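Engineer: A single structure is presented below for examination.
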Amino acid sequence: MIVDHDVIVLGAGLAGMRAALEAARNGVNVAVVSKVHPVRSHSGAAQGGINAALAPGDSWEIHAFDTIKGSDYLADQDAVEIMTREAPQDIIELEHMGVIFYRDEEGKLGTRAFGGASKARTYFVGDITGQALLYTLYDQLLKAGVKVYEECFATALYMAGGECRGVTAIDMLSGELNLIRAKAVIIASGGAGRLYEPSTNALICTGDGIALAYRAGAPLMDMEMVQYHPTTLKGSGFLMTEAARGEGAYLLNKDGERFMQRYAPKMMELASRDVVSRAETIEIAEGRGIDGNVLLDLRHLGRDVILTKLPQIHEIALDFLGIDMITDPVPVRPGMHYMMGGIRTDVHGATSIPGLYAAGECACVSVHGGNRLGANSLLDTLVFGRRSGRAAAEYVRRTSPTATGEDFLAAEQRRIADLMARPYAGETHARLRLELGTLMDAKVGVYRNEEGLMEALTGVHELKRRYGLVAVGDKGRIYNQALTFVLELGYLLDCAEAVIHGALTRKESRGAQARTDFPQRNDAEWLKHILITHNDGGPPRIDFQPVTITKWQPQERTY
């Protein structure tokens with residue numbers, strides 16, 4: 001089947017829904033393609049809040065500087081200026097849409113402190129902020145009458161004459177592979193968190209859109225910048241929001257010491273995430289951890305603060321570890337959380353491919369550089385989701401009708417049929433995916449070096465070879481998750497290769513890239529972005545792009 005729209009948005013999280021809503025407001029026919037129901041998108045897992053300089057004494061310039069400093073000066077400052085300038089209007093619009101943000105005793109919007117921020121500028125809904133935003137935007141999407149193809153799994157971008165003109169996707173309910181044509185495609189499919197095990201990310205975060213754009217020829221940027229969150233729950237890797245430390249929680253080692261005093265004496269537990277994650281890793285490695293963890297201590301905050309402002313993580317600790325954080329500290333460790341890198345775009349979401357846009361975690365504008373500040377991710381999705389939706393709508397109005405595509409659809413149907421027919425040869429997607437995640441965590445994690453990265457690259461090449469032997473166990477058509485799992489593994493392997501090549505290329509330590517063999521930041525040689533472009537049959541092409549600096553010159557980063 002072939003269907004037509006003006007704009008296709010791939011992904012139904014906050015970036016995707018905001019892009020679709022803006023495109024619809026600009027009068028074009030827009031549809032959303034999502035492999036899960038929209039409110040199951042991973043944006044719903046965001047807990048702590050969303051940043052904006054709205055309070056007295058704060059300003060977009062202070063917010064911008066905090067963001068740029070947090071990025072270890074790798075963020076493009078023109079993009080950061082846009083995001084921080086436009087943040088207040090997006091917060092106000094969200095409230096007008098119906099988001100019930102926390103208010104203080106005077107009835108005004110209340111904030112909490114977050115890591116790396118010099119002002120308390122994080123607006124929140126308890127510790128379920130992402131969920132509150134997601135449901136509200138979904139209401140707006142329904143109100144606008146936007147078509148949603150839910151439980152629809154994308155397999156390839158349709159390219160015609162060097163332009164992106166749609167996407168092929170499997171309708172999970174029927175098993176049919178369809179071509180959804182469009183004059184523009186916006187990828188808003190999230191990150192590739194499941195490249196790592198453990199991860200705070202949902203099982204659906206497999207880098208689908210990043211890999212599809214990469215295969216179509218769009219450059220990826222700064223893929224080596226993978227954020228580890230300092231507080232993920234022992235065993236499961238569940239996110240224990242930074243809002244806990246924003247409300248005043250302590251990090252303790254086995255001796256009961258607030259060890260951040262040694263690493264970030266001014267900001268302590270609210271230093272930037274890369275700083276705190278490295279500090280925890282050192283404490284654990286030097287024997288001051290507890291079974292590979294440190295302790296998150298909220299006891300002094302009291303029952304009322306925990307149950308009113310942090311109810312979800314209180315419940316998670318109880319359910320999964322049997323620990324009541326009102327009376328006992330909770331064991332946590334750094335865990336993979338977010339990708340600062342992604343599909344290179346400009347400030348309008350445009351990629352190097354005509355008709356292809358990207359927004360959210362799958363994109364790299366770059367507003368996060370080497371290290372994202374907590375609560376800037378939700379802001380990124382809304383600001384650049386909105387901007388990409390508007391830009392795509394404008395592009396559509398000056399673009400001719402969509403090309404045919406029957407041959408492309410037929411070729412993609414044959415590819416999927418061949419995969420389905422592959423005989424079992426002893427390899428399973430589950431085994432390979434676990435091996436990949438474990439390898440990436442061990443060799444491409446908080447600390448890296450040349451030897452470990454080369455081992456990781458060799459390992460990924462071997463996994464790619466074995467991936468060619470993986471069969472689809474379920475030969476049925478309806479809700480064939482065995483098929484989608486195999487396809488997702490292919491996306492993850494592409495993303496892994498890009499991350500490792502980026503980490504090998506950047507011979508310095510900056511933000512999330514901590515090289516033990518190159519421990520210093522080197523602005524003279526490495527104040528630049530790394531671009532990685534797919535190369536059929538060989539290693540990817542590596543290029544560089546200067547960092548845009550408007551008014552904040554790089555300086556030593558201390559907290």
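Here, A, B, ... name the chains of the structure tokens in the order displayed, residue numbers run from 1 inside each chain, and ligands are numbered from 1 in the same displayed order.
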Pull the alpha helix (DSSP H) assignments for region 121-194 of chain A out of DSSP run on the backbone, and list those residues as number ranges by chain.

Structural biologist: A: 129-144

Engineer: May I have the selected residues written with all heavy atoms, as a short mmCIF file (atom, residue, chain, number, x, y, z; two decimals), in the first residue's frame?

Structural biologist:
```cif
data_model
loop_
_atom_site.label_atom_id
_atom_site.label_comp_id
_atom_site.auth_asym_id
_atom_site.auth_seq_id
_atom_site.Cartn_x
_atom_site.Cartn_y
_atom_site.Cartn_z
N THR A 129 7.46 14.75 35.11
CA THR A 129 7.30 15.88 34.20
C THR A 129 7.13 15.44 32.75
O THR A 129 6.25 15.93 32.04
CB THR A 129 8.49 16.84 34.33
OG1 THR A 129 8.70 17.15 35.72
CG2 THR A 129 8.24 18.13 33.57
N GLY A 130 7.96 14.52 32.30
CA GLY A 130 7.88 14.06 30.92
C GLY A 130 6.52 13.47 30.60
O GLY A 130 5.93 13.73 29.53
N GLN A 131 6.00 12.69 31.53
CA GLN A 131 4.69 12.07 31.32
C GLN A 131 3.60 13.13 31.23
O GLN A 131 2.71 13.06 30.37
CB GLN A 131 4.40 11.11 32.48
CG GLN A 131 3.17 10.25 32.28
CD GLN A 131 2.99 9.24 33.41
OE1 GLN A 131 3.97 8.83 34.03
NE2 GLN A 131 1.77 8.85 33.68
N ALA A 132 3.67 14.13 32.10
CA ALA A 132 2.67 15.20 32.09
C ALA A 132 2.69 15.96 30.76
O ALA A 132 1.64 16.26 30.18
CB ALA A 132 2.92 16.16 33.26
N LEU A 133 3.89 16.25 30.26
CA LEU A 133 4.01 16.95 28.98
C LEU A 133 3.53 16.08 27.82
O LEU A 133 2.85 16.55 26.91
CB LEU A 133 5.46 17.36 28.74
CG LEU A 133 5.90 18.75 29.23
CD1 LEU A 133 5.65 18.93 30.73
CD2 LEU A 133 7.37 19.00 28.92
N LEU A 134 3.89 14.80 27.87
CA LEU A 134 3.55 13.89 26.78
C LEU A 134 2.04 13.74 26.61
O LEU A 134 1.50 13.82 25.50
CB LEU A 134 4.19 12.52 27.05
CG LEU A 134 4.25 11.54 25.89
CD1 LEU A 134 5.19 12.03 24.80
CD2 LEU A 134 4.73 10.16 26.39
N TYR A 135 1.34 13.55 27.72
CA TYR A 135 -0.12 13.38 27.64
C TYR A 135 -0.79 14.67 27.16
O TYR A 135 -1.75 14.64 26.38
CB TYR A 135 -0.68 12.97 29.01
CG TYR A 135 -0.65 11.47 29.24
CD1 TYR A 135 0.53 10.84 29.60
CD2 TYR A 135 -1.79 10.69 29.08
CE1 TYR A 135 0.58 9.46 29.79
CE2 TYR A 135 -1.76 9.32 29.28
CZ TYR A 135 -0.58 8.71 29.63
OH TYR A 135 -0.54 7.35 29.81
N THR A 136 -0.26 15.81 27.61
CA THR A 136 -0.85 17.08 27.20
C THR A 136 -0.65 17.32 25.71
O THR A 136 -1.59 17.73 25.00
CB THR A 136 -0.23 18.23 28.01
OG1 THR A 136 -0.50 18.02 29.41
CG2 THR A 136 -0.82 19.57 27.60
N LEU A 137 0.54 17.04 25.21
CA LEU A 137 0.78 17.23 23.78
C LEU A 137 -0.02 16.24 22.94
O LEU A 137 -0.48 16.58 21.84
CB LEU A 137 2.28 17.09 23.47
CG LEU A 137 3.09 18.39 23.52
CD1 LEU A 137 4.55 18.11 23.21
CD2 LEU A 137 2.55 19.43 22.55
N TYR A 138 -0.23 15.03 23.45
CA TYR A 138 -1.05 14.07 22.72
C TYR A 138 -2.49 14.57 22.61
O TYR A 138 -3.13 14.45 21.55
CB TYR A 138 -1.00 12.70 23.40
CG TYR A 138 -1.73 11.62 22.63
CD1 TYR A 138 -1.45 11.39 21.28
CD2 TYR A 138 -2.69 10.83 23.24
CE1 TYR A 138 -2.11 10.40 20.56
CE2 TYR A 138 -3.35 9.83 22.53
CZ TYR A 138 -3.06 9.63 21.20
OH TYR A 138 -3.72 8.65 20.49
N ASP A 139 -2.98 15.19 23.68
CA ASP A 139 -4.32 15.82 23.61
C ASP A 139 -4.36 16.86 22.50
O ASP A 139 -5.32 16.93 21.72
CB ASP A 139 -4.65 16.51 24.95
CG ASP A 139 -5.00 15.53 26.05
OD1 ASP A 139 -5.25 14.35 25.73
OD2 ASP A 139 -5.00 15.94 27.23
N GLN A 140 -3.31 17.68 22.42
CA GLN A 140 -3.26 18.72 21.40
C GLN A 140 -3.18 18.12 19.99
O GLN A 140 -3.77 18.66 19.04
CB GLN A 140 -2.04 19.63 21.63
CG GLN A 140 -2.09 20.41 22.93
CD GLN A 140 -3.23 21.41 22.97
OE1 GLN A 140 -3.48 22.11 21.99
NE2 GLN A 140 -3.92 21.47 24.10
N LEU A 141 -2.47 17.01 19.86
CA LEU A 141 -2.36 16.33 18.57
C LEU A 141 -3.72 15.82 18.10
O LEU A 141 -4.10 15.97 16.93
CB LEU A 141 -1.36 15.18 18.69
CG LEU A 141 -0.60 14.75 17.44
CD1 LEU A 141 0.32 15.87 16.97
CD2 LEU A 141 0.22 13.49 17.73
N LEU A 142 -4.47 15.22 19.04
CA LEU A 142 -5.81 14.73 18.71
C LEU A 142 -6.73 15.89 18.34
O LEU A 142 -7.51 15.81 17.39
CB LEU A 142 -6.38 13.95 19.90
CG LEU A 142 -5.68 12.64 20.28
CD1 LEU A 142 -6.28 12.06 21.55
CD2 LEU A 142 -5.76 11.63 19.14
N LYS A 143 -6.61 16.97 19.11
CA LYS A 143 -7.43 18.15 18.86
C LYS A 143 -7.16 18.72 17.46
O LYS A 143 -8.09 19.20 16.78
CB LYS A 143 -7.12 19.20 19.93
CG LYS A 143 -7.98 20.45 19.88
CD LYS A 143 -7.60 21.36 21.04
CE LYS A 143 -8.37 22.68 20.99
NZ LYS A 143 -7.95 23.58 22.10
N ALA A 144 -5.90 18.64 17.01
CA ALA A 144 -5.53 19.18 15.70
C ALA A 144 -5.89 18.22 14.56
O ALA A 144 -5.75 18.56 13.39
CB ALA A 144 -4.02 19.48 15.66
#
```

Engineer: Can I get the residues of region 169-244 of chain A within 10 Å of region 108-113 of chain A, each with the closest pair of atoms and their distance in Å to one decimal, using only C-alpha atoms, sorted chain first then ascending number, as a Markdown table?

Structural biologist:
```
| residue | atom | partner | partner_atom | distance |
| --- | --- | --- | --- | --- |
| A:Glu242 | CA | A:Ala113 | CA | 9.1 |
| A:Ala243 | CA | A:Arg112 | CA | 7.3 |
| A:Ala244 | CA | A:Ala113 | CA | 9.7 |
```

Engineer: Got time to write the residues from that selection, C-alpha atoms, as a short mmCIF file (atom, residue, chain, number, x, y, z; two decimals), in the first residue's frame?

Structural biologist:
```
data_model
loop_
_atom_site.label_atom_id
_atom_site.label_comp_id
_atom_site.auth_asym_id
_atom_site.auth_seq_id
_atom_site.Cartn_x
_atom_site.Cartn_y
_atom_site.Cartn_z
CA GLU A 242 18.45 14.45 39.46
CA ALA A 243 15.54 16.25 41.13
CA ALA A 244 16.39 14.25 44.26
#
```

Engineer: Counting only C-alpha atoms, what is within 12 Å of Val444 (chain A), bar same-chain residues fewer than 4 positions away, as a ChimeraX atom specification?

Structural biologist: /A:195-197,223-228,336,436-440,448-457,459-460,496-504,512-516

Engineer: Mind running region 192-245 of chain A against region 319-330 of chain A at 12 Å and telling me each contacting residue's nearest atom pair with the distance in Å (one decimal), counting only C-alpha atoms, chain and number ascending, as a tab-separated table?

Structural biologist:
```
residue	atom	partner	partner_atom	distance
A:Thr231	CA	A:Val330	CA	9.6
A:Thr232	CA	A:Val330	CA	9.9
A:Leu233	CA	A:Val330	CA	7.7
A:Lys234	CA	A:Leu321	CA	8.1
A:Gly235	CA	A:Leu321	CA	8.7
A:Ser236	CA	A:Phe320	CA	7.9
A:Gly237	CA	A:Phe320	CA	10.5
A:Phe238	CA	A:Phe320	CA	9.4
A:Met240	CA	A:Val330	CA	9.5
A:Ala244	CA	A:Met325	CA	10.8
```

Engineer: Ranking A:Thr548, A:Thr200, A:Ser174, A:Ser377 by minimum distance to Gly335 (chain A) and counting only C-alpha atoms, which one comes first?

Structural biologist: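 Among A:Thr548, A:Thr200, A:Ser174, A:Ser377, it is A:Thr200 that comes nearest to Gly335 (chain A).
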
Engineer: At a cut-off of 12 Å, using only C-alpha atoms, what residues contact Phe485 (chain A)? Leave out same-chain residues fewer than 5 positions from it and give the result as a count of residues only.

Structural biologist: 26

Engineer: So which residues touch region 366-376 of chain A within 7 Å, counting only C-alpha atoms, skipping near sequence neighbours fewer than 6 positions away, as an NGL selection string?

Structural biologist: :A and (48-51 or 67 or 70-76 or 79-80 or 114-116 or 122 or 225 or 227 or 272 or 274 or 340 or 510-512)

Engineer: Could you write out that same residue set with C-alpha atoms as a CSV table (one decimal), in the first residue's frame?

Structural biologist:
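And here's part36.csv as it stands now:
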```csv
chain,number,residue,atom,x,y,z
A,48,GLY,CA,12.9,16.0,36.9
A,49,GLY,CA,11.6,19.0,34.8
A,50,ILE,CA,12.2,21.5,32.0
A,51,ASN,CA,14.5,24.5,32.1
A,67,THR,CA,24.5,25.4,29.1
A,70,GLY,CA,28.1,22.4,30.9
A,71,SER,CA,28.7,21.3,27.3
A,72,ASP,CA,32.5,21.8,28.0
A,73,TYR,CA,32.3,24.5,25.2
A,74,LEU,CA,31.4,22.0,22.5
A,75,ALA,CA,27.8,23.4,22.1
A,76,ASP,CA,27.2,25.7,19.1
A,79,ALA,CA,21.8,27.3,18.7
A,80,VAL,CA,22.1,27.6,22.5
A,114,PHE,CA,19.4,21.1,38.8
A,115,GLY,CA,23.0,20.1,38.2
A,116,GLY,CA,25.3,22.6,36.5
A,122,THR,CA,13.7,23.9,36.4
A,225,MET,CA,29.3,12.1,23.5
A,227,GLN,CA,26.0,10.8,28.9
A,272,SER,CA,27.4,18.7,35.9
A,274,ASP,CA,29.8,14.1,33.6
A,340,MET,CA,24.3,14.3,23.0
A,510,ARG,CA,36.0,16.8,27.0
A,511,GLY,CA,32.6,16.4,28.7
A,512,ALA,CA,31.4,12.8,28.4
```

Engineer: Applying 8 Å and only C-alpha atoms, which residues near region 186-190 of chain A remain after dropping the ones on its own chain fewer than 4 positions away? List them as a PyMOL selection string.

Structural biologist: chain A and resi 7-13+15-16+19+42+205+207-210+356-363+385+388-389+392

Engineer: Can I get the selected residues back with N, CA, C and O atoms, as a tab-separated table (two decimals), in the first residue's frame?

Structural biologist:
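Writing done, so here's again_31.tsv:
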```
chain	number	residue	atom	x	y	z
A	7	VAL	N	3.90	16.02	5.14
A	7	VAL	CA	5.01	15.85	6.09
A	7	VAL	C	4.78	14.57	6.88
A	7	VAL	O	3.67	14.32	7.37
A	8	ILE	N	5.83	13.77	7.01
A	8	ILE	CA	5.82	12.59	7.89
A	8	ILE	C	6.75	12.88	9.06
A	8	ILE	O	7.90	13.31	8.85
A	9	VAL	N	6.27	12.64	10.27
A	9	VAL	CA	7.10	12.75	11.47
A	9	VAL	C	7.33	11.34	11.99
A	9	VAL	O	6.38	10.62	12.30
A	10	LEU	N	8.59	10.93	12.06
A	10	LEU	CA	8.94	9.59	12.52
A	10	LEU	C	9.26	9.66	14.00
A	10	LEU	O	10.31	10.14	14.40
A	11	GLY	N	8.33	9.20	14.83
A	11	GLY	CA	8.49	9.26	16.28
A	11	GLY	C	7.42	10.11	16.91
A	11	GLY	O	7.08	11.18	16.39
A	12	ALA	N	6.86	9.65	18.04
A	12	ALA	CA	5.73	10.35	18.66
A	12	ALA	C	6.02	10.77	20.09
A	12	ALA	O	5.11	10.88	20.91
A	13	GLY	N	7.30	11.01	20.39
A	13	GLY	CA	7.64	11.59	21.69
A	13	GLY	C	7.41	13.09	21.66
A	13	GLY	O	6.71	13.62	20.79
A	15	ALA	N	9.42	15.67	20.92
A	15	ALA	CA	9.91	16.35	19.72
A	15	ALA	C	8.99	16.06	18.53
A	15	ALA	O	8.64	16.96	17.77
A	16	GLY	N	8.61	14.79	18.37
A	16	GLY	CA	7.77	14.41	17.24
A	16	GLY	C	6.39	15.04	17.29
A	16	GLY	O	5.89	15.57	16.29
A	19	ALA	N	6.64	18.79	16.69
A	19	ALA	CA	6.90	19.05	15.27
A	19	ALA	C	5.62	18.87	14.46
A	19	ALA	O	5.28	19.70	13.60
A	42	HIS	N	9.38	7.29	24.87
A	42	HIS	CA	10.32	7.36	25.99
A	42	HIS	C	10.36	8.75	26.65
A	42	HIS	O	10.82	8.87	27.79
A	205	CYS	N	14.39	2.25	22.69
A	205	CYS	CA	15.37	3.29	22.30
A	205	CYS	C	16.56	2.64	21.60
A	205	CYS	O	17.60	2.38	22.21
A	207	GLY	N	17.89	3.63	18.40
A	207	GLY	CA	18.58	4.42	17.38
A	207	GLY	C	18.04	4.26	15.98
A	207	GLY	O	18.76	4.48	15.00
A	208	ASP	N	16.76	3.91	15.85
A	208	ASP	CA	16.18	3.63	14.54
A	208	ASP	C	16.38	4.79	13.56
A	208	ASP	O	16.92	4.62	12.47
A	209	GLY	N	15.91	5.97	13.95
A	209	GLY	CA	15.99	7.12	13.06
A	209	GLY	C	17.41	7.56	12.77
A	209	GLY	O	17.73	7.98	11.65
A	210	ILE	N	18.28	7.47	13.79
A	210	ILE	CA	19.69	7.83	13.59
A	210	ILE	C	20.30	6.94	12.52
A	210	ILE	O	20.95	7.41	11.58
A	356	LEU	N	14.80	16.22	4.50
A	356	LEU	CA	14.98	15.45	5.73
A	356	LEU	C	15.34	16.37	6.88
A	356	LEU	O	16.31	17.14	6.80
A	357	TYR	N	14.54	16.29	7.95
A	357	TYR	CA	14.73	17.11	9.15
A	357	TYR	C	14.85	16.17	10.35
A	357	TYR	O	14.50	14.99	10.27
A	358	ALA	N	15.36	16.69	11.46
A	358	ALA	CA	15.46	15.89	12.68
A	358	ALA	C	15.36	16.80	13.89
A	358	ALA	O	15.76	17.97	13.85
A	359	ALA	N	14.81	16.26	14.98
A	359	ALA	CA	14.66	17.02	16.22
A	359	ALA	C	14.66	16.07	17.41
A	359	ALA	O	14.29	14.90	17.28
A	360	GLY	N	15.06	16.60	18.57
A	360	GLY	CA	15.07	15.79	19.78
A	360	GLY	C	16.39	15.06	19.95
A	360	GLY	O	17.42	15.44	19.39
A	361	GLU	N	16.35	13.97	20.72
A	361	GLU	CA	17.59	13.27	21.06
A	361	GLU	C	18.28	12.66	19.85
A	361	GLU	O	19.50	12.50	19.84
A	362	CYS	N	17.55	12.33	18.80
A	362	CYS	CA	18.18	11.75	17.61
A	362	CYS	C	18.98	12.78	16.83
A	362	CYS	O	19.80	12.42	15.98
A	363	ALA	N	18.76	14.06	17.11
A	363	ALA	CA	19.41	15.14	16.35
A	363	ALA	C	20.56	15.74	17.15
A	363	ALA	O	20.64	15.61	18.36
A	385	GLY	N	11.69	20.84	18.05
A	385	GLY	CA	10.54	20.18	17.45
A	385	GLY	C	9.66	21.20	16.76
A	385	GLY	O	9.26	21.04	15.59
A	388	SER	N	11.51	22.69	13.65
A	388	SER	CA	11.60	21.77	12.52
A	388	SER	C	10.24	21.57	11.86
A	388	SER	O	10.15	21.44	10.63
A	389	GLY	N	9.17	21.55	12.67
A	389	GLY	CA	7.83	21.43	12.10
A	389	GLY	C	7.49	22.61	11.20
A	389	GLY	O	6.93	22.44	10.10
A	392	ALA	N	9.77	22.43	7.98
A	392	ALA	CA	9.32	21.38	7.05
A	392	ALA	C	8.07	21.83	6.30
A	392	ALA	O	7.92	21.59	5.10
```

Engineer: Can you list, as an NGL selection string, every residue of region 27-229 of chain A that DSSP puts in strand (DSSP E or B)?

Structural biologist: :A and (30-34 or 50-51 or 103 or 109 or 111-112 or 122-123 or 147-150 or 152-160 or 163-171 or 177-181 or 184-187 or 199 or 220-221 or 226-229)

Engineer: Name the closest residue to Pro401 (chain A) among the candidates A:His63, A:Leu54, A:Glu106, A:Arg165; distances are taken between atoms, counting only C-alpha atoms.

Structural biologist: A:Arg165

Engineer: Pick out the closest residue to Leu14 (chain A) from this set: A:Ala425, A:Val383, A:Ala117, A:Leu527. Count only C-alpha atoms.

Structural biologist: A:Val383

Engineer: For region 259-264 of chain A, list every protein, DNA or RNA residue within 9 Å, evaluated using only C-alpha atoms, and leave out those in the same chain fewer than 4 positions away; present the list as a ChimeraX atom specification.

Structural biologist: /A:251-253,268-271,275-276,279-280,283,558-559

Engineer: Would you mind reading off the distance between CA of Ile478 (chain A) and CA of Gly405 (chain A), one decimal, in Å?

Structural biologist: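 Atom-to-atom, CA of Ile478 (chain A) and CA of Gly405 (chain A) are spaced 24.7 Å apart.
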
Engineer: Between CA of Phe408 (chain A) and CA of Gly349 (chain A), what is the distance, to one decimal in Å?

Structural biologist: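 If I compute the distance from CA of Phe408 (chain A) to CA of Gly349 (chain A), I get 25.9 Å.
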
Engineer: Have a look at A:Ala218, A:Ile91, A:Ala249, A:Ile62 and name the one nearest to Pro354 (chain A); count only C-alpha atoms.

Structural biologist: A:Ala218
